[in-house]
Amino acid sequence: MRDQYEYQTKKVCKVLDKSPQAYYKYLKSDTSLRESELEFIVTSYIMEARKSNPGIGGTSLWKQYCREWGSSYPVGRDKFVSYIRKHKLYVRIPRRYKAPRTTDSSHDQPTYPNLVRELIPDKPNQVWSSDITYIPLERGDNRVEFCFLSLILDNYTKEIVGYSLGDSLASKHPCEALKQALKRLPQKDASDLIHHSDRGTQYASVKYTDMLKERKIQISMTESGDPKENSQSERVNSTIKNELLMGKVFHNIDEASSAINKAIETYNTTRPHMSIDYMTPQEARECTGPLKKQWRSYREDAIQKAQKDNESKELVTN
């Protein structure tokens, strides 16, 4: 029945001793069957994907589905989102905790200027951003304690290149994350790399800065308390806690550590990122040059405009 253009439907139905009405009814029921199968496949995928990333948004999840299953079971974004609504697979708002302070800038250690204010990285290992965030531990009797996650992010690939979970804000935990990240560098001389952080005691400590200086890494720090000066790290902190770990309850640091290991693996290798044209950080690692964003960066617009203006002035001067 596929070649309707060569053989008229009525003639074929007559040969098969079937009425055209029965044929069209079959087509309709078969389409409904395929639709129900597709709905089952998609909703099953959503529920399975949410086990590893419970807070991922609808569009990002659809992009992830298309990468993994789209060639076999294609579905449009709107239909995908309609399945989420139909089966009430929404992202739930996470519980909020009173945030402990993770940055203490009241120290007498040397600080450094912000070297990335007007820089847009165009290759891996050009700018790393570091930060510390808290992870709640529910101890029972409504008591909540905290452990602390130190992250190092490659600003170009959005890959988490180093991390460490500790039971305190001691400098040793960020140092462990840095040691992990440094193993990825191909050469000892990493003078092309800028390490950016806030001015907290952990990052200004002699032990931490000596590790950077030993590899000739340039040191950059925020110059105010504005989170926008370290926005890349702020964003990844939110993604890890409010998306990949959303709804998960930890009673001790071992439980948190196990979940964070899986979350970061998913973040680096599976989750598509809008900032790198819906690639994964692992894929972006193989790229160089500007990466397309699926949202508008007014900061980058301003930087690019200033660069063009400067180039125009130089041409006029010369």
# chains A, B, ... in the order shown; residues from 1 in each chain; ligands from 1
$ residues_around --residues "range 210-212 of chain A" --least-positions-apart "6" --cutoff "10 Å" --atoms "only C-alpha atoms" --output "list of chain:residue names"
A:Cys175, A:Leu178, A:Lys179, A:Leu182, A:Ala190, A:Ser191, A:Leu193, A:Ile194, A:His195, A:Ala204, A:Gln218, A:Ile219
$ residues_around --residues "range 139-146 of chain A" --least-positions-apart "3" --cutoff "9 Å" --atoms "only C-alpha atoms" --output "short mmCIF file (atom, residue, chain, number, x, y, z; two decimals) with N, CA and C atoms, in the first residue's frame"
data_model
loop_
_atom_site.label_atom_id
_atom_site.label_comp_id
_atom_site.auth_asym_id
_atom_site.auth_seq_id
_atom_site.Cartn_x
_atom_site.Cartn_y
_atom_site.Cartn_z
N TYR A 97 17.75 26.66 51.78
CA TYR A 97 18.42 26.65 53.07
C TYR A 97 19.04 28.02 53.34
N PRO A 100 25.23 29.35 54.33
CA PRO A 100 26.41 29.73 55.12
C PRO A 100 27.35 30.57 54.27
N TYR A 134 28.08 25.44 49.15
CA TYR A 134 27.73 24.56 50.26
C TYR A 134 26.76 23.47 49.80
N ILE A 135 26.83 22.32 50.47
CA ILE A 135 25.91 21.20 50.24
C ILE A 135 25.30 20.84 51.59
N PRO A 136 23.98 20.92 51.75
CA PRO A 136 23.36 20.64 53.04
C PRO A 136 23.37 19.15 53.39
N ASP A 167 34.67 18.77 54.56
CA ASP A 167 33.78 19.01 55.70
C ASP A 167 33.99 20.38 56.32
N SER A 168 34.86 21.19 55.70
CA SER A 168 35.13 22.52 56.23
C SER A 168 35.53 23.44 55.09
N PHE A 250 20.91 14.33 51.62
CA PHE A 250 22.12 13.65 52.09
C PHE A 250 22.18 13.73 53.61
N HIS A 251 22.57 12.62 54.23
CA HIS A 251 22.68 12.58 55.68
C HIS A 251 24.13 12.61 56.15
N ASN A 252 25.05 12.35 55.23
CA ASN A 252 26.46 12.40 55.59
C ASN A 252 27.27 12.74 54.34
N ILE A 253 28.54 13.03 54.53
CA ILE A 253 29.37 13.51 53.43
C ILE A 253 29.65 12.41 52.41
#
$ closest_residue --among "A:Val91, A:Gly57, A:Cys287, A:Glu118" --to "Gly247 in chain A" --atoms "only C-alpha atoms"
A:Val91
$ residues_around --residues "Tyr156 in chain A" --least-positions-apart "5" --cutoff "8 Å" --atoms "only C-alpha atoms" --output "ChimeraX atom specification"
/A:121-127,284
$ write_last_selection --atoms "C-alpha atoms" --output "mmCIF file, in the first residue's frame"
data_model
loop_
_atom_site.group_PDB
_atom_site.id
_atom_site.type_symbol
_atom_site.label_atom_id
_atom_site.label_comp_id
_atom_site.auth_asym_id
_atom_site.auth_seq_id
_atom_site.Cartn_x
_atom_site.Cartn_y
_atom_site.Cartn_z
ATOM 1 C CA PRO A 121 38.106 32.867 25.947
ATOM 2 C CA ASP A 122 38.425 31.176 22.554
ATOM 3 C CA LYS A 123 40.133 27.909 23.473
ATOM 4 C CA PRO A 124 40.316 25.361 26.319
ATOM 5 C CA ASN A 125 42.672 25.978 29.256
ATOM 6 C CA GLN A 126 42.694 29.714 28.698
ATOM 7 C CA VAL A 127 40.591 30.759 31.711
ATOM 8 C CA ALA A 284 33.636 21.446 23.421
#
$ residues_around --residues "range 61-71 of chain A" --least-positions-apart "4" --cutoff "10 Å" --atoms "only C-alpha atoms" --output "count of residues only"
25
$ closest_residue --among "A:Glu229, A:Asp108, A:Glu39, A:Glu265" --to "Leu244 in chain A" --atoms "only C-alpha atoms"
A:Glu265
$ select_by_dssp --residues "range 98-259 of chain A" --states "strand (DSSP E)" --output "JSON, numbers by chain"
{"A": [127, 128, 129, 130, 131, 132, 133, 134, 135, 136, 137, 138, 139, 140, 143, 144, 145, 146, 147, 148, 149, 150, 151, 152, 153, 154, 160, 161, 162, 163, 164, 165, 166, 194, 195, 196, 197, 218, 219, 220, 221]}
$ closest_atom_pairs --of "range 94-198 of chain A" --to "range 297-304 of chain A" --cutoff "10 Å" --atoms "only C-alpha atoms" --output "Markdown table"
| residue | atom | partner | partner_atom | distance |
| --- | --- | --- | --- | --- |
| A:Arg117 | CA | A:Ile303 | CA | 9.0 |
| A:Glu118 | CA | A:Ile303 | CA | 5.9 |
| A:Leu119 | CA | A:Ile303 | CA | 7.7 |
| A:Ile120 | CA | A:Glu300 | CA | 7.1 |
$ select_by_dssp --residues "range 172-250 of chain A" --states "helix (DSSP H, G or I)" --output "ChimeraX atom specification"
/A:172-182,201-204,206-214,227-244
$ residues_around --residues "Arg285 in chain A" --least-positions-apart "4" --cutoff "8 Å" --atoms "only C-alpha atoms" --output "list in words"
Pro124, Thr157, Glu159 and Pro281 of chain A
$ write_last_selection --atoms "C-alpha atoms" --output "mmCIF file, in the first residue's frame"
data_model
loop_
_atom_site.group_PDB
_atom_site.id
_atom_site.type_symbol
_atom_site.label_atom_id
_atom_site.label_comp_id
_atom_site.auth_asym_id
_atom_site.auth_seq_id
_atom_site.Cartn_x
_atom_site.Cartn_y
_atom_site.Cartn_z
ATOM 1 C CA PRO A 124 40.316 25.361 26.319
ATOM 2 C CA THR A 157 34.331 24.440 27.450
ATOM 3 C CA GLU A 159 33.838 21.587 31.812
ATOM 4 C CA PRO A 281 31.739 20.134 27.747
#
$ decode --residues "range 191-262 of chain A" --atoms "C-alpha atoms" --output "short mmCIF file (atom, residue, chain, number, x, y, z; two decimals), in the first residue's frame"
data_model
loop_
_atom_site.label_atom_id
_atom_site.label_comp_id
_atom_site.auth_asym_id
_atom_site.auth_seq_id
_atom_site.Cartn_x
_atom_site.Cartn_y
_atom_site.Cartn_z
CA SER A 191 51.64 30.76 31.40
CA ASP A 192 48.81 31.10 28.83
CA LEU A 193 46.27 30.10 31.49
CA ILE A 194 44.48 32.54 33.82
CA HIS A 195 43.07 31.26 37.11
CA HIS A 196 40.17 33.46 38.29
CA SER A 197 38.52 33.38 41.71
CA ASP A 198 37.06 35.55 44.44
CA ARG A 199 39.32 37.07 47.10
CA GLY A 200 38.52 34.48 49.74
CA THR A 201 41.19 33.28 52.14
CA GLN A 202 41.34 29.88 50.45
CA TYR A 203 42.37 31.31 47.06
CA ALA A 204 44.64 34.00 48.49
CA SER A 205 46.47 31.52 50.72
CA VAL A 206 50.18 30.99 50.16
CA LYS A 207 49.72 27.28 49.54
CA TYR A 208 47.16 27.84 46.80
CA THR A 209 48.89 30.71 45.02
CA ASP A 210 52.25 28.89 45.17
CA MET A 211 50.71 25.98 43.28
CA LEU A 212 49.63 28.40 40.55
CA LYS A 213 52.95 30.23 40.45
CA GLU A 214 54.86 26.95 40.20
CA ARG A 215 53.10 26.32 36.87
CA LYS A 216 53.42 30.03 35.88
CA ILE A 217 49.64 30.39 35.80
CA GLN A 218 48.37 33.98 35.85
CA ILE A 219 46.34 34.82 38.95
CA SER A 220 43.14 36.84 38.65
CA MET A 221 40.66 37.79 41.36
CA THR A 222 37.40 39.67 41.68
CA GLU A 223 37.73 43.28 42.79
CA SER A 224 34.38 43.63 44.54
CA GLY A 225 31.68 41.48 46.10
CA ASP A 226 29.64 41.49 42.87
CA PRO A 227 28.82 37.86 41.86
CA LYS A 228 28.93 38.96 38.19
CA GLU A 229 32.72 39.18 38.46
CA ASN A 230 32.76 35.39 38.82
CA SER A 231 29.50 34.60 37.06
CA GLN A 232 30.72 31.40 35.36
CA SER A 233 31.37 29.72 38.69
CA GLU A 234 28.13 31.04 40.18
CA ARG A 235 26.24 29.49 37.27
CA VAL A 236 27.85 26.07 37.53
CA ASN A 237 27.25 26.04 41.29
CA SER A 238 23.56 26.60 40.64
CA THR A 239 23.44 23.90 37.96
CA ILE A 240 25.02 21.29 40.20
CA LYS A 241 22.89 22.05 43.26
CA ASN A 242 19.56 23.12 41.78
CA GLU A 243 19.48 20.84 38.78
CA LEU A 244 21.66 17.74 39.05
CA LEU A 245 21.27 17.33 42.83
CA MET A 246 17.75 18.75 43.05
CA GLY A 247 15.51 16.88 45.47
CA LYS A 248 18.31 14.69 46.78
CA VAL A 249 18.76 14.50 50.55
CA PHE A 250 22.12 13.65 52.09
CA HIS A 251 22.68 12.58 55.68
CA ASN A 252 26.46 12.40 55.59
CA ILE A 253 29.37 13.51 53.43
CA ASP A 254 29.86 10.06 51.89
CA GLU A 255 26.33 10.11 50.46
CA ALA A 256 26.92 13.62 49.12
CA SER A 257 30.28 12.66 47.62
CA SER A 258 28.84 9.67 45.75
CA ALA A 259 26.02 11.78 44.28
CA ILE A 260 28.35 14.63 43.33
CA ASN A 261 30.71 12.29 41.47
CA LYS A 262 27.79 11.08 39.35
#
